[in-house]
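Peer 1: Just passing along the structure, written as structure tokens.
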Amino acid sequence: MAVFRETYYIYLRNLRVWLMPATFLPPLFISGVLYVLFAATFTEVTQLGGFSTGDYDAFLVAWIIVQAVVFSGGDSGFALLTDVMSGYFEKLLLAPINRFSILFGSLLVSGTRAMFQGVVIVVIALALGVTFKTGVLGVLALLGFAAVFGLAWACLSIIIALKTKNAQATQSSFVLFFPFVFLTTAFMPEDLLSGWFRIAVKANPVTYVTEAMRAIVVEGWEMGVILTGLWVTVAMVSVLMIVTTWLYRRVTV
């Protein structure tokens with residue numbers, strides 16, 4: 001179908017833009033540095049007990065991927081607004097193509113970016129001696145989780161961009177994502193949390209995604225945990241995709 005071909009070419013164009021060193025290297029560098037620093041700082045925390053592994057480097061892998069995906073999700077909306085301000089987006093709307101191919105091309109780049117970030121974190125984890133309990137298949141599942149999860153945050157970013165039509169507001173929207181990243185079992189298992197923080201962690205959907213990805217790394221094929229995280233991820237993507245396409249239709253028609 002023509003829409004798939006159009007989406008593919010727009011995806012390639014957006015991918016080339018993202019692959020500029022000044023665009024894709026800083027987020028990867030920051031994620032790598034955070035991983036190494038947090039792993040070195042809290043490496044003895046597992047002695048408290050309650051952890052699913054004695055290797056804190058392995059425990060941290062899932063959260064590092066999650067925070068990388070969430071914080072870079074704002075790039076999707078900012079990239080869309082950049083095209084709008086440059087006039088390129090208007091030219092695409094005037095072209096004889098399906099307008100949704102423009103949106104889908106942008107979202108596919110977001111999924112690719114999330115997966116690539118996951119690859120970098122996995123490589124660093126392997127260099128630190130982390131053993132993935134589920135092997136190569138588990139690594140592929142982990143990267144798949146990252147890609148789909150990346151789509152959810154890309155949708156949220158595009159929603160903010162379409163509603164505000166302001167590049168500064170969209171670029172700074174990652175501040176709104178902080179609670180979703182840190183109100184999770186990022187550094188401690190749930191059993192070691194207490195009070196309002198534990199309640200907030202339980203109510204945060206990102207917690208279940210993090211737990212599912214962590215299970216793949218340190219526990220093996222714990223299907224109960226993994227499937228819960230999978231359903232939460234799919235639900236997030238489905239709802240946000242519906243809202244994004246509805247808002248996009250209103251803006252571009």
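FYI, nothing fancy with the structure tokens labels: chains A, B, ... in order, residues from 1 per chain, ligands from 1 as they appear.
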Could you list, as a ChimeraX atom specification, every residue within 7 Å of Val218 of chain A, counting only C-alpha atoms and ignoring same-chain residues fewer than 6 positions away?
Peer 2: /A:52-53,58-59,132-133
Peer 1: Skip Thr207 of chain A itself and residues of its chain fewer than 4 positions away, then list as a count of residues only all residues within 12 Å of it, counting only C-alpha atoms.
Peer 2: 33
Peer 1: Segment 12-22 of chain A: which residues within 8 Å, counting only C-alpha atoms, same-chain residues fewer than 2 positions away excluded, as a PyMOL selection string?
Peer 2: chain A and resi 8-10+24-26+105-106+109
Peer 1: Which residues, written as a list in words, have at least one atom at most 10 Å from Val45 of chain A, with only C-alpha atoms counted and residues fewer than 5 positions away on the same chain left out?
Peer 2: Ala39, Phe51, Gly54, Asp55, Tyr56, Phe187 and Met188 of chain A
Peer 1: Let's have the selection written as a short mmCIF file (atom, residue, chain, number, x, y, z; two decimals), in the first residue's frame, with N, CA and C atoms.
Peer 2:
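result19.cif was written with the following content:
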```
data_model
loop_
_atom_site.label_atom_id
_atom_site.label_comp_id
_atom_site.auth_asym_id
_atom_site.auth_seq_id
_atom_site.Cartn_x
_atom_site.Cartn_y
_atom_site.Cartn_z
N ALA A 39 25.39 2.65 39.48
CA ALA A 39 25.83 1.29 39.78
C ALA A 39 27.00 1.29 40.76
N PHE A 51 16.30 -7.97 47.48
CA PHE A 51 16.55 -7.82 46.06
C PHE A 51 16.44 -9.18 45.36
N GLY A 54 21.83 -10.34 43.60
CA GLY A 54 22.91 -9.73 44.36
C GLY A 54 23.76 -8.81 43.51
N ASP A 55 23.44 -8.72 42.23
CA ASP A 55 24.20 -7.89 41.30
C ASP A 55 23.42 -6.61 41.03
N TYR A 56 23.84 -5.51 41.65
CA TYR A 56 23.09 -4.26 41.49
C TYR A 56 23.21 -3.72 40.07
N PHE A 187 15.52 2.17 42.33
CA PHE A 187 16.72 1.87 43.09
C PHE A 187 16.51 0.81 44.17
N MET A 188 15.26 0.60 44.54
CA MET A 188 14.94 -0.35 45.61
C MET A 188 13.74 -1.21 45.21
#
```
Peer 1: Report, in Å to a single decimal, how far apart atom CA of Tyr248 of chain A and atom CA of Asn98 of chain A are.
Peer 2: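 So the two atoms, atom CA of Asn98 of chain A and atom CA of Tyr248 of chain A, lie 12.6 Å apart.
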